[in-house]
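Engineer: Dropping in work37.txt, which is compact mmCIF, C-alpha atoms and all ligand atoms:
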```txt
# COMPACT_ATOMS: atom_id res chain seq x y z
CA MET A 21 -6.36 -0.81 -27.89
CA SER A 22 -5.91 -3.39 -25.13
CA LEU A 23 -5.34 -2.45 -21.50
CA THR A 24 -4.10 -4.53 -18.57
CA ILE A 25 -5.00 -3.50 -15.03
CA ALA A 26 -3.12 -4.88 -11.98
CA ILE A 27 -5.22 -5.30 -8.85
CA PRO A 28 -3.80 -6.24 -5.43
CA LYS A 29 -5.49 -9.17 -3.73
CA GLY A 30 -6.74 -8.43 -0.22
CA ARG A 31 -8.16 -5.34 1.42
CA LEU A 32 -7.49 -2.87 -1.42
CA GLY A 33 -8.45 -5.28 -4.21
CA THR A 34 -11.86 -6.14 -2.85
CA GLN A 35 -12.80 -2.45 -2.66
CA ALA A 36 -11.26 -1.63 -6.04
CA ILE A 37 -13.10 -4.48 -7.77
CA GLN A 38 -16.38 -3.19 -6.31
CA MET A 39 -15.60 0.25 -7.76
CA PHE A 40 -14.75 -1.13 -11.20
CA LYS A 41 -17.94 -3.19 -11.24
CA ALA A 42 -20.07 -0.25 -10.08
CA GLY A 43 -18.52 1.73 -12.94
CA GLY A 44 -19.47 -0.98 -15.43
CA ILE A 45 -16.15 -2.75 -16.06
CA GLY A 46 -14.51 -5.85 -14.59
CA GLU A 47 -17.60 -7.98 -15.07
CA SER A 48 -15.33 -10.94 -15.81
CA ILE A 49 -13.66 -10.82 -12.37
CA ASP A 50 -14.68 -13.60 -10.01
CA GLU A 51 -12.80 -13.04 -6.72
CA LYS A 52 -13.99 -16.40 -5.38
CA SER A 53 -12.34 -18.39 -8.15
CA ARG A 54 -8.62 -19.28 -8.05
CA LYS A 55 -8.07 -17.66 -11.45
CA LEU A 56 -5.58 -14.78 -11.59
CA VAL A 57 -6.33 -13.34 -15.04
CA PHE A 58 -9.73 -12.13 -16.18
CA LYS A 59 -10.70 -10.45 -19.42
CA ASP A 60 -13.66 -8.29 -20.36
CA GLU A 61 -13.59 -9.41 -24.01
CA ASP A 62 -16.04 -6.79 -25.28
CA ILE A 63 -13.87 -3.84 -24.15
CA ASN A 64 -10.48 -5.58 -24.45
CA ILE A 65 -9.47 -4.96 -20.83
CA SER A 66 -7.62 -7.63 -18.79
CA PHE A 67 -7.36 -7.70 -15.02
CA ILE A 68 -4.54 -9.47 -13.20
CA LEU A 69 -4.71 -10.24 -9.48
CA LEU A 70 -1.40 -9.94 -7.61
CA LYS A 71 0.09 -9.54 -4.18
CA ASN A 72 0.06 -5.87 -3.16
CA SER A 73 3.86 -5.81 -3.08
CA ASP A 74 4.13 -7.18 -6.65
CA VAL A 75 1.79 -4.72 -8.42
CA ILE A 76 4.61 -2.21 -8.91
CA THR A 77 6.94 -4.81 -10.46
CA TYR A 78 4.36 -5.70 -13.13
CA ILE A 79 3.72 -2.03 -13.88
CA GLU A 80 7.38 -0.97 -13.98
CA ASN A 81 8.05 -3.81 -16.44
CA GLY A 82 5.14 -2.84 -18.66
CA ILE A 83 3.24 -6.11 -18.19
CA ALA A 84 0.38 -4.15 -16.66
CA ASP A 85 -0.44 -0.65 -17.96
CA ILE A 86 -2.08 0.62 -14.81
CA GLY A 87 -2.88 -0.65 -11.33
CA ILE A 88 -3.63 0.06 -7.72
CA SER A 89 -1.04 0.05 -4.96
CA GLY A 90 -0.65 1.41 -1.44
CA LYS A 91 1.45 4.60 -1.29
CA ASP A 92 3.61 2.83 1.32
CA MET A 93 4.71 0.26 -1.27
CA ILE A 94 5.41 2.98 -3.85
CA MET A 95 7.60 4.85 -1.35
CA GLU A 96 9.36 1.71 -0.15
CA LYS A 97 10.28 0.57 -3.65
CA GLY A 98 11.14 4.05 -4.95
CA ALA A 99 8.92 3.01 -7.84
CA ASP A 100 9.55 4.42 -11.32
CA ILE A 101 5.89 4.81 -12.18
CA PHE A 102 3.44 7.62 -12.84
CA GLU A 103 0.95 8.44 -10.06
CA LEU A 104 -2.43 8.97 -11.71
CA TYR A 105 -4.84 9.45 -8.86
CA GLN A 106 -4.87 9.35 -5.07
CA MET A 107 -7.80 7.18 -4.03
CA ASN A 108 -9.98 7.42 -1.01
CA ILE A 109 -9.50 3.78 -0.03
CA GLY A 110 -6.66 2.27 2.02
CA ARG A 111 -6.41 5.40 4.12
CA CYS A 112 -4.11 4.97 7.08
CA LYS A 113 -0.86 6.42 8.38
CA MET A 114 2.65 5.18 8.89
CA SER A 115 3.88 5.73 12.41
CA VAL A 116 6.64 5.01 14.87
CA ALA A 117 5.20 3.10 17.81
CA GLY A 118 6.34 1.27 20.90
CA ILE A 119 5.39 0.14 24.37
CA LYS A 120 2.87 2.49 25.98
CA GLY A 121 4.51 5.03 28.26
CA LYS A 122 8.03 4.00 27.26
CA LYS A 123 8.90 6.41 24.48
CA VAL A 124 12.52 5.92 23.56
CA PHE A 125 14.35 8.05 21.02
CA LYS A 126 17.92 7.66 22.11
CA ASP A 127 20.58 9.92 20.66
CA ASP A 128 23.44 8.12 22.31
CA THR A 129 22.68 4.47 21.47
CA ILE A 130 21.62 2.63 18.35
CA MET A 131 17.86 2.10 18.40
CA ARG A 132 16.41 -1.20 17.12
CA VAL A 133 13.48 -0.67 14.75
CA ALA A 134 11.31 -3.54 13.48
CA THR A 135 9.40 -2.93 10.25
CA LYS A 136 8.12 -4.20 6.92
CA PHE A 137 9.45 -0.96 5.37
CA PRO A 138 13.27 -0.85 5.74
CA GLU A 139 13.91 1.79 3.04
CA ILE A 140 11.34 4.27 4.34
CA THR A 141 12.55 3.67 7.89
CA LYS A 142 16.21 4.18 6.99
CA LYS A 143 15.55 7.46 5.18
CA TYR A 144 13.30 8.76 7.95
CA PHE A 145 15.75 8.16 10.80
CA ASP A 146 18.81 9.11 8.71
CA SER A 147 17.24 12.51 8.05
CA ARG A 148 16.99 13.17 11.78
CA GLY A 149 20.43 11.82 12.55
CA GLN A 150 19.13 8.95 14.67
CA ARG A 151 21.29 5.84 14.40
CA ILE A 152 19.24 2.64 14.08
CA ASN A 153 19.45 -1.06 13.39
CA ILE A 154 16.61 -2.23 11.18
CA ILE A 155 14.97 -5.59 11.82
CA LYS A 156 13.01 -6.56 8.70
CA LEU A 157 9.78 -8.44 9.43
CA ASN A 158 6.92 -9.50 7.16
CA GLY A 159 3.90 -9.18 9.46
CA SER A 160 2.69 -9.08 13.08
CA ILE A 161 5.18 -6.24 13.55
CA GLU A 162 3.58 -5.32 16.88
CA LEU A 163 5.09 -8.43 18.47
CA ALA A 164 8.65 -7.15 18.19
CA PRO A 165 8.75 -4.63 21.05
CA ILE A 166 6.56 -6.80 23.28
CA LEU A 167 8.99 -9.68 23.03
CA GLY A 168 12.10 -7.52 23.15
CA LEU A 169 13.17 -7.99 19.53
CA SER A 170 13.10 -4.22 18.94
CA ASP A 171 12.81 -0.90 20.82
CA VAL A 172 10.19 0.52 18.44
CA ILE A 173 8.31 -0.37 15.24
CA VAL A 174 7.51 1.51 12.05
CA ASP A 175 4.14 0.28 10.80
CA ILE A 176 0.74 1.08 9.34
CA VAL A 177 -1.88 2.37 11.78
CA GLU A 178 -5.52 2.70 10.80
CA THR A 179 -7.91 2.40 13.75
CA GLY A 180 -5.09 1.92 16.27
CA ASN A 181 -6.80 -1.23 17.52
CA THR A 182 -3.82 -3.53 16.89
CA LEU A 183 -1.49 -1.22 18.83
CA LYS A 184 -3.96 -0.88 21.69
CA ALA A 185 -4.68 -4.60 21.92
CA ASN A 186 -0.96 -5.22 22.32
CA GLY A 187 -0.19 -2.49 24.86
CA LEU A 188 1.55 -0.20 22.36
CA GLU A 189 1.03 3.44 21.35
CA VAL A 190 2.05 5.82 18.57
CA PHE A 191 5.19 7.79 19.43
CA GLU A 192 5.28 9.79 16.20
CA ASP A 193 3.26 9.96 12.97
CA MET A 194 5.38 9.82 9.83
CA TYR A 195 3.21 9.88 6.66
CA HIS A 196 -0.38 9.81 5.50
CA ILE A 197 -0.97 6.78 3.28
CA SER A 198 -3.72 5.86 0.82
CA ALA A 199 -4.16 3.71 -2.25
CA MET A 200 -2.92 5.20 -5.52
CA MET A 201 -3.85 4.51 -9.13
CA ILE A 202 -0.52 4.23 -10.92
CA SER A 203 0.61 3.78 -14.50
CA ASN A 204 3.57 2.51 -16.49
CA ARG A 205 5.26 5.64 -17.90
CA ILE A 206 5.26 4.47 -21.52
CA SER A 207 1.68 3.20 -21.34
CA TYR A 208 0.64 6.64 -20.15
CA LYS A 209 2.15 8.17 -23.30
CA PHE A 210 0.67 5.76 -25.79
CA LYS A 211 -2.63 4.77 -24.15
CA ARG A 212 -3.44 8.07 -22.50
CA LYS A 213 -7.05 8.20 -23.75
CA GLU A 214 -7.88 4.69 -22.52
CA ILE A 215 -6.14 5.25 -19.19
CA LYS A 216 -7.88 8.57 -18.57
CA LYS A 217 -11.24 6.86 -19.10
CA ILE A 218 -10.47 4.35 -16.35
CA VAL A 219 -9.27 7.09 -13.99
CA GLU A 220 -12.48 9.05 -14.58
CA LEU A 221 -14.52 5.94 -13.89
CA ILE A 222 -12.75 5.29 -10.59
CA ARG A 223 -12.90 8.95 -9.64
CA GLY A 224 -16.66 8.83 -10.13
CA GLU A 225 -16.95 5.89 -7.73
CA ASP A 226 -14.54 7.43 -5.22
CA GLU A 227 -15.86 10.97 -4.96
CA ASP A 228 -13.91 12.03 -1.91
CA GLY A 229 -10.56 11.04 -3.40
CA GLN A 230 -8.14 13.73 -4.49
CA ASP A 231 -6.02 14.44 -7.50
CA ASN A 232 -2.37 13.94 -6.97
N1 LIG B 301 -4.96 -1.66 8.57
C1 LIG B 301 -4.97 -1.04 7.40
N2 LIG B 301 -5.94 -0.16 7.13
C2 LIG B 301 -6.00 0.49 5.96
N3 LIG B 301 -5.09 0.33 4.98
C3 LIG B 301 -4.12 -0.53 5.20
C4 LIG B 301 -4.00 -1.25 6.41
N4 LIG B 301 -2.93 -2.04 6.33
C5 LIG B 301 -2.41 -1.81 5.11
N5 LIG B 301 -3.12 -0.89 4.43
C6 LIG B 301 -2.89 -0.36 3.08
O1 LIG B 301 -3.40 -1.33 2.18
C7 LIG B 301 -2.35 -1.85 1.36
C8 LIG B 301 -2.58 -3.33 1.18
O2 LIG B 301 -2.48 -3.98 2.42
P1 LIG B 301 -2.55 -5.56 2.52
O3 LIG B 301 -2.47 -5.87 3.97
O4 LIG B 301 -3.70 -6.06 1.71
O5 LIG B 301 -1.29 -6.04 1.75
P2 LIG B 301 0.16 -6.20 2.34
O6 LIG B 301 0.08 -7.26 3.40
O7 LIG B 301 0.68 -4.85 2.73
O8 LIG B 301 1.02 -6.67 1.10
P3 LIG B 301 1.33 -8.14 0.64
O9 LIG B 301 0.00 -8.79 0.37
O10 LIG B 301 2.15 -7.97 -0.56
O11 LIG B 301 2.10 -8.76 1.80
C9 LIG B 301 -1.05 -1.45 2.08
O12 LIG B 301 0.01 -1.24 1.16
C10 LIG B 301 -1.43 -0.16 2.77
O13 LIG B 301 -1.29 0.93 1.88
O1 LIG B 302 -4.64 0.26 13.26
P1 LIG B 302 -5.30 -0.99 12.83
O2 LIG B 302 -6.70 -0.74 12.27
O3 LIG B 302 -5.33 -2.03 13.89
O4 LIG B 302 -4.51 -1.57 11.57
C1 LIG B 302 -3.12 -1.70 11.60
C2 LIG B 302 -2.68 -3.11 11.33
O5 LIG B 302 -3.04 -3.48 9.98
C3 LIG B 302 -1.88 -3.94 9.31
O6 LIG B 302 -1.66 -5.28 9.54
P2 LIG B 302 -2.32 -6.43 8.68
O7 LIG B 302 -3.76 -6.59 9.03
O8 LIG B 302 -2.05 -6.21 7.22
O9 LIG B 302 -1.54 -7.71 9.21
P3 LIG B 302 0.00 -8.09 9.10
O10 LIG B 302 0.79 -6.94 8.51
O11 LIG B 302 0.39 -8.36 10.51
O12 LIG B 302 0.03 -9.29 8.24
C4 LIG B 302 -0.74 -3.17 10.00
O13 LIG B 302 0.51 -3.80 9.78
C5 LIG B 302 -1.17 -3.18 11.44
O14 LIG B 302 -0.78 -4.34 12.13
```
Kindly present the structure from the file in structure tokens form.

Structural biologist:
Amino acid sequence: MSLTIAIPKGRLGTQAIQMFKAGGIGESIDEKSRKLVFKDEDINISFILLKNSDVITYIENGIADIGISGKDMIMEKGADIFELYQMNIGRCKMSVAGIKGKKVFKDDTIMRVATKFPEITKKYFDSRGQRINIIKLNGSIELAPILGLSDVIVDIVETGNTLKANGLEVFEDMYHISAMMISNRISYKFKRKEIKKIVELIRGEDEDGQDN
């Protein structure tokens, strides 16, 4: 049976491809080429390289059977997929941050929050009754409070270096994030044996990861 695996380009993809190759599959993948589809003909497995934020779309629509995506993207999209395995790569947290020493959580006024994750942000502040205006950005989120576009940001923090370099600090941690192996729901029913083999392979290369 054929299997299609969606891999995000960038920081997660590079590590995932190394794991696949160490586990003996994905030999056809050449990250340096501009090609986006690779096939290991002998085992009938195809790999497609996508933007991190598009992996879920290909899996939900059944174009890819399984794939790798950051938990942040899964939460943001409210993805209708099956979570197979929580990986040990892409570990970071999602936090509320702002200008160092100027923590502002105002009950009386509407707080301006800049983020790449409007849905997560809305739910989080709604649940605590904090009124906010969301400013959707696509990157360099840390700029927003420095330049006065927002009061705070909701963003990914790993080492904390980007916050520190820009005079910001974490005000509140929201969620732990890591990469997840995910599956199309129907694929998981009909290709369970093949999918489980791939999960086992990745688990073997990612020993500290945890079942979800
Ligand atoms: N600094 C970081 N350290 C560790 N993991 C991170 C970091 N930033 C993001 N991640 C995780 O890695 C995933 C991929 O991040 P990456 O920056 O490659 O793509 P992206 O910019 O979020 O998405 P897209 O390419 O679609 O714009 C994120 O969804 C998140 O789970
Ligand atoms: O805590 P740190 O280790 O500094 O990592 C956090 C930074 O990494 C991510 O940005 P990314 O590199 O993806 O850039 P962009 O979102 O601004 O494009 C995130 O949005 C933070 O800016």

Engineer: Within 8 Å of ligand LIG 301 (chain B), counting all atoms listed in the file, which protein or nucleic acid residues do you find, written as a PyMOL selection string?

Structural biologist: chain A and resi 28-33+71-74+89-93+109-112+158-159+176-179+197-199

Engineer: Go ahead and write the residues just picked, C-alpha atoms, as a PDB file, in the frame of the given file.

Structural biologist:
```pdb
ATOM      1  CA  PRO A  28      -3.800  -6.240  -5.430  1.00  0.00           C
ATOM      2  CA  LYS A  29      -5.490  -9.170  -3.730  1.00  0.00           C
ATOM      3  CA  GLY A  30      -6.740  -8.430  -0.220  1.00  0.00           C
ATOM      4  CA  ARG A  31      -8.160  -5.340   1.420  1.00  0.00           C
ATOM      5  CA  LEU A  32      -7.490  -2.870  -1.420  1.00  0.00           C
ATOM      6  CA  GLY A  33      -8.450  -5.280  -4.210  1.00  0.00           C
ATOM      7  CA  LYS A  71       0.090  -9.540  -4.180  1.00  0.00           C
ATOM      8  CA  ASN A  72       0.060  -5.870  -3.160  1.00  0.00           C
ATOM      9  CA  SER A  73       3.860  -5.810  -3.080  1.00  0.00           C
ATOM     10  CA  ASP A  74       4.130  -7.180  -6.650  1.00  0.00           C
ATOM     11  CA  SER A  89      -1.040   0.050  -4.960  1.00  0.00           C
ATOM     12  CA  GLY A  90      -0.650   1.410  -1.440  1.00  0.00           C
ATOM     13  CA  LYS A  91       1.450   4.600  -1.290  1.00  0.00           C
ATOM     14  CA  ASP A  92       3.610   2.830   1.320  1.00  0.00           C
ATOM     15  CA  MET A  93       4.710   0.260  -1.270  1.00  0.00           C
ATOM     16  CA  ILE A 109      -9.500   3.780  -0.030  1.00  0.00           C
ATOM     17  CA  GLY A 110      -6.660   2.270   2.020  1.00  0.00           C
ATOM     18  CA  ARG A 111      -6.410   5.400   4.120  1.00  0.00           C
ATOM     19  CA  CYS A 112      -4.110   4.970   7.080  1.00  0.00           C
ATOM     20  CA  ASN A 158       6.920  -9.500   7.160  1.00  0.00           C
ATOM     21  CA  GLY A 159       3.900  -9.180   9.460  1.00  0.00           C
ATOM     22  CA  ILE A 176       0.740   1.080   9.340  1.00  0.00           C
ATOM     23  CA  VAL A 177      -1.880   2.370  11.780  1.00  0.00           C
ATOM     24  CA  GLU A 178      -5.520   2.700  10.800  1.00  0.00           C
ATOM     25  CA  THR A 179      -7.910   2.400  13.750  1.00  0.00           C
ATOM     26  CA  ILE A 197      -0.970   6.780   3.280  1.00  0.00           C
ATOM     27  CA  SER A 198      -3.720   5.860   0.820  1.00  0.00           C
ATOM     28  CA  ALA A 199      -4.160   3.710  -2.250  1.00  0.00           C
TER      29      ALA A 199
END
```

Engineer: So how many Å separate CA of Asp175 (chain A) and CA of Phe40 (chain A), to one decimal?

Structural biologist: 29.0 Å

Engineer: Under the rule that only C-alpha atoms and all ligand atoms are counted, which of A:Asp226, A:Met131, A:Lys113, A:Met201 is the nearest residue to ligand LIG 302 (chain B)?

Structural biologist: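 Answer, going by the shortest atom-to-atom distance: A:Lys113.
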
Engineer: Given the point (-9.0, -17.8, -6.6) in the coordinates of this file, which residues lie within 12 Å, counting only C-alpha atoms, and how would they look as a list in words?

Structural biologist: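 Applying the cut-off with only C-alpha atoms, one gets Lys29, Gly30, Ile49, Asp50, Glu51, Lys52, Ser53, Arg54, Lys55, Leu56, Val57, Phe58, Ile68, Leu69 and Leu70 of chain A.
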
Engineer: Quick one, how far is atom O10 of ligand LIG 302 (chain B) from CA of Ile161 (chain A)?

Structural biologist: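 Interatomic distance, atom O10 of ligand LIG 302 (chain B) to CA of Ile161 (chain A): 6.7 Å.
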
Engineer: Which polymer residues, whether protein, DNA or RNA, lie within 10 Å of the coordinate (11.3, -4.0, -9.7) when you count only C-alpha atoms? List them as a PDB file with C-alpha atoms, in the frame of the given file, using the chain letters and numbers from the file.

Structural biologist:
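What landed in out.pdb:
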```
ATOM      1  CA  ASP A  74       4.130  -7.180  -6.650  1.00  0.00           C
ATOM      2  CA  VAL A  75       1.790  -4.720  -8.420  1.00  0.00           C
ATOM      3  CA  ILE A  76       4.610  -2.210  -8.910  1.00  0.00           C
ATOM      4  CA  THR A  77       6.940  -4.810 -10.460  1.00  0.00           C
ATOM      5  CA  TYR A  78       4.360  -5.700 -13.130  1.00  0.00           C
ATOM      6  CA  ILE A  79       3.720  -2.030 -13.880  1.00  0.00           C
ATOM      7  CA  GLU A  80       7.380  -0.970 -13.980  1.00  0.00           C
ATOM      8  CA  ASN A  81       8.050  -3.810 -16.440  1.00  0.00           C
ATOM      9  CA  LYS A  97      10.280   0.570  -3.650  1.00  0.00           C
ATOM     10  CA  GLY A  98      11.140   4.050  -4.950  1.00  0.00           C
ATOM     11  CA  ALA A  99       8.920   3.010  -7.840  1.00  0.00           C
ATOM     12  CA  ASP A 100       9.550   4.420 -11.320  1.00  0.00           C
TER      13      ASP A 100
END
```

Engineer: Quick one: residues within 7 Å of Asp193 (chain A), all atoms listed in the file, excluding same-chain residues fewer than 5 positions away - as a list of chain:residue names?

Structural biologist: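 Result of the neighbour search: A:Met114, A:Ser115, A:Val116.
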
Engineer: Closest to ligand LIG 302 (chain B) among A:Glu214, A:Glu225, A:Glu220, A:Glu189, using only C-alpha atoms and all ligand atoms?

Structural biologist: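 Once distances to ligand LIG 302 (chain B) are computed over only C-alpha atoms and all ligand atoms, the minimum belongs to A:Glu189.
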
Engineer: Quick one: pull the distance between CA of Ala42 (chain A) and CA of Val219 (chain A), Å, one decimal.

Structural biologist: 13.6 Å

Engineer: Nearest to Lys209 (chain A) among A:Phe137, A:Phe191, A:Phe145, A:Phe102, with distances taken over all atoms listed in the file: which residue is it?

Structural biologist: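 Smallest separation from Lys209 (chain A) among the options: A:Phe102.
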
Engineer: Would you mind telling me which residue in A:Gly118, A:Leu157, A:Lys211, A:Leu167 lies nearest to Thr182 (chain A) when using only C-alpha atoms?

Structural biologist: A:Gly118

Engineer: Of the residues A:Glu61, A:Gly82, A:Ile119, A:Gly87, which is the one nearest to Leu104 (chain A), using all atoms listed in the file?

Structural biologist: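 Using all atoms listed in the file, Leu104 (chain A) sits closest to A:Gly87.
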
Engineer: Considering only C-alpha atoms and all ligand atoms, state which residue in the set A:Lys213, A:Arg205, A:Lys184, A:Lys156 is at the smallest distance from ligand LIG 302 (chain B).

Structural biologist: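 Looking at the shortest contact to ligand LIG 302 (chain B), the residue is A:Lys184.
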